[in-house]
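Data first, discussion second: the structure below is written as C-alpha cells.
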Amino acid sequence: MADSAAGRRIGRLLNLEPGEIPAVAGGLAMFFLLFTGYFMLRPVRETMGIAGGVENLQWLFTGTFIATLAAMPLFGWLASIASRRRILPWAYGFFVLNLFGFAAALAIRPDDIWTARAFYIWLSVFNLIAISLAWSVLADIFVTAEAKRLFAMIAGGASLGGLTGPILGTLLVVPIGHSGLLALSAVFLTASAVAAMLLYRWRDRHPVDDDAALADDSRKPLGGNPFAGATEVFKSGYLAGIAVFVVLLSSVSTFLYFEQARLVAENFPDPTRQTQIFGLIDTIVQSLSIVTQLFLTGHIARRLGIGVLLVAVPVVIAGGFLWLALSPVFAVLAVVMIARRAGEYALVRPGREMLYTTVGPEEKYKAKNFIDTVVYRGGDAVSGWVKRGLDIVGDPTFAMVVGAGVALVWAGTGFAIGRAEKRRERAVQTRAA
C-alpha cells in the first residue's frame, strides 16, 4: 500500500496517469538520443562558424536558408509517399548516411575550410528537420490533454541529451577525432528512430476514444504534393500565426547569436577556449531546462494555458535586450542568452508543439516541418542581414533596442495564437461530445 501511495504521489507530481510510463520513457529516449548526438557536434559547429569570420556569419545563415529550401521538396515527397510512422525512420536513415559521408571527408581532409562550412550548413538544416520530425511524432500520438501534461516532461530528454552530448564530445574528441564524433552521432540517431517506432506501438496498445483510428491511419501515406506544407500554411490563419511567431522567435535568436559571436570573438580569441565557453553555456541551459520541464511546465500549461508558455519568455527577453543596450558586456550577454535558450527549451518549445495537437495529420508533418525549417531559417537569413546592417551603420546598442521591440511583438503574437488554440481545443471537445 505504501508503495502504491508513493506511486500516486509521484504520478500527481509529474502529471502521469496509469499506463503512461512506457510512453514517457520512449519519448524521453527518443529525444535524449537525438539531442546527445546533435549536441556532441554543436560546439564544433559554433567554432567553425567563428573560424570563417564573424563578419561572414550572415553568408552561412543565407547558405543555410538556401539549403533548407532545397531540402523541403525532398522532405515533402517523402512525407507524401511514406506512411506517417515511417517518415521519421526513413528521414533519419538518410541523415545517418550523410553523417558517415562527412565523417569520411573530415578524416581525409580535417582542415578543409569548405568541408567545415558545408558541415555548418548541413548541421543547421539537419537539426531543425530532425527535431521537428520528433515533435511531429509526439503531436501525432498524443491528444491535447495528454500533451499538456507530458510534452514538457518528454522534452526533458532533450535537455538531458543536451547535457550529455557536450560532455561526450569533450571527452572523445581527442581519442576519436571529429570524424569519430560524427560516426558516433549516427549511432545515436539510429537508436532515436527505433524509440520513435516503439512510441507508435505503445499508442496501438493504448488507443483513446477520439483517436482510435490512429493505428490504421498512421500506416497510410499522407499523399498530396511535395509543396503541400507551404500551401497549408498560406490557407490557414492559425498556421500563418504560428509561422509569424516562429519568424519573430528566430529573429530574436539571431540577434542574440550574432552578439554572442561578436563578444566571444573579442573576449576569447583562442578557438579551444571558445568551444569551452559554448559548452559551458550549453550545460547551464540544459540543467535549468530539465528542472523547469519536470516540475513546472506541465502544471503551467494545464492550469494557466498554452498562451502563458508562449508569452513569458518573450517578455523576459525584451527586458534582457534593454539590459544589453545599457551594459553590452559578455557577462550580461551570457545571462540573457541562457535565459532565452532555457526558456525556449522548457516553455516556448513545448507550448509551440502543443499548438499542433488540434490540426490534421498533413499539417502535423508537412506544414509543421515547413514552418520549423523554411520559415525559421528564412527568419534567420533576413534577421542576420538586418543585424549586420545595424552593426555597420550604427552602435550595437541600437540593435539591442530594435531586438527589444521585436521581442515585444513576439510576445503579442504568442498571446494571440494561444487564445486561438484554446478556441480550437474547445471546438474539438464539443465535436467529440
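Every chain in the C-alpha cells takes a letter, A first, then B, and so on in the order presented; its residues are numbered from 1, and the ligands are numbered from 1 following the presented order.
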
Rows by chain and residue number, range 295-341 of chain A within 9 Å of range 264-286 of chain A, shortest pair, only C-alpha atoms, as CSV:
residue,atom,partner,partner_atom,distance
A:Phe330,CA,A:Val264,CA,7.3
A:Ala334,CA,A:Ile281,CA,7.5
A:Met337,CA,A:Ile281,CA,8.4
A:Ile338,CA,A:Val285,CA,5.5
A:Ala339,CA,A:Val285,CA,7.7
A:Arg340,CA,A:Val285,CA,9.0
A:Arg341,CA,A:Val285,CA,6.5

May I ask for the distance between CA of Ala407 in chain A and CA of Ala318 in chain A, given in Å to one decimal place? 5.1 Å

May I ask which of the residues A:Pro22, A:Gly403, A:Pro207, A:Gly351 is the closest one to Ile306 in chain A, counting only C-alpha atoms?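 Once distances to Ile306 in chain A are computed over only C-alpha atoms, the minimum belongs to A:Gly351.
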
Counting only C-alpha atoms, which residue out of A:Val313, A:Arg109, A:Ser383, A:Trp135 sits closest to His178 in chain A? A:Arg109

Spatial neighbours of range 241-253 of chain A, 10 Å, only C-alpha atoms, chain gap at least 3 places, as JSON, numbers by chain: {"A": [233, 234, 236, 237, 238, 256, 257, 258, 259, 310, 314, 317, 318, 321, 337, 340, 341, 344, 348, 352, 355, 356, 367, 368, 370, 371, 372, 373, 374, 375, 376, 377, 378, 379, 380, 381, 382, 383, 384, 386, 387, 400, 402, 403, 404, 405, 406, 407, 408, 409, 410, 411, 412, 413, 414, 415, 416, 417, 418, 420]}
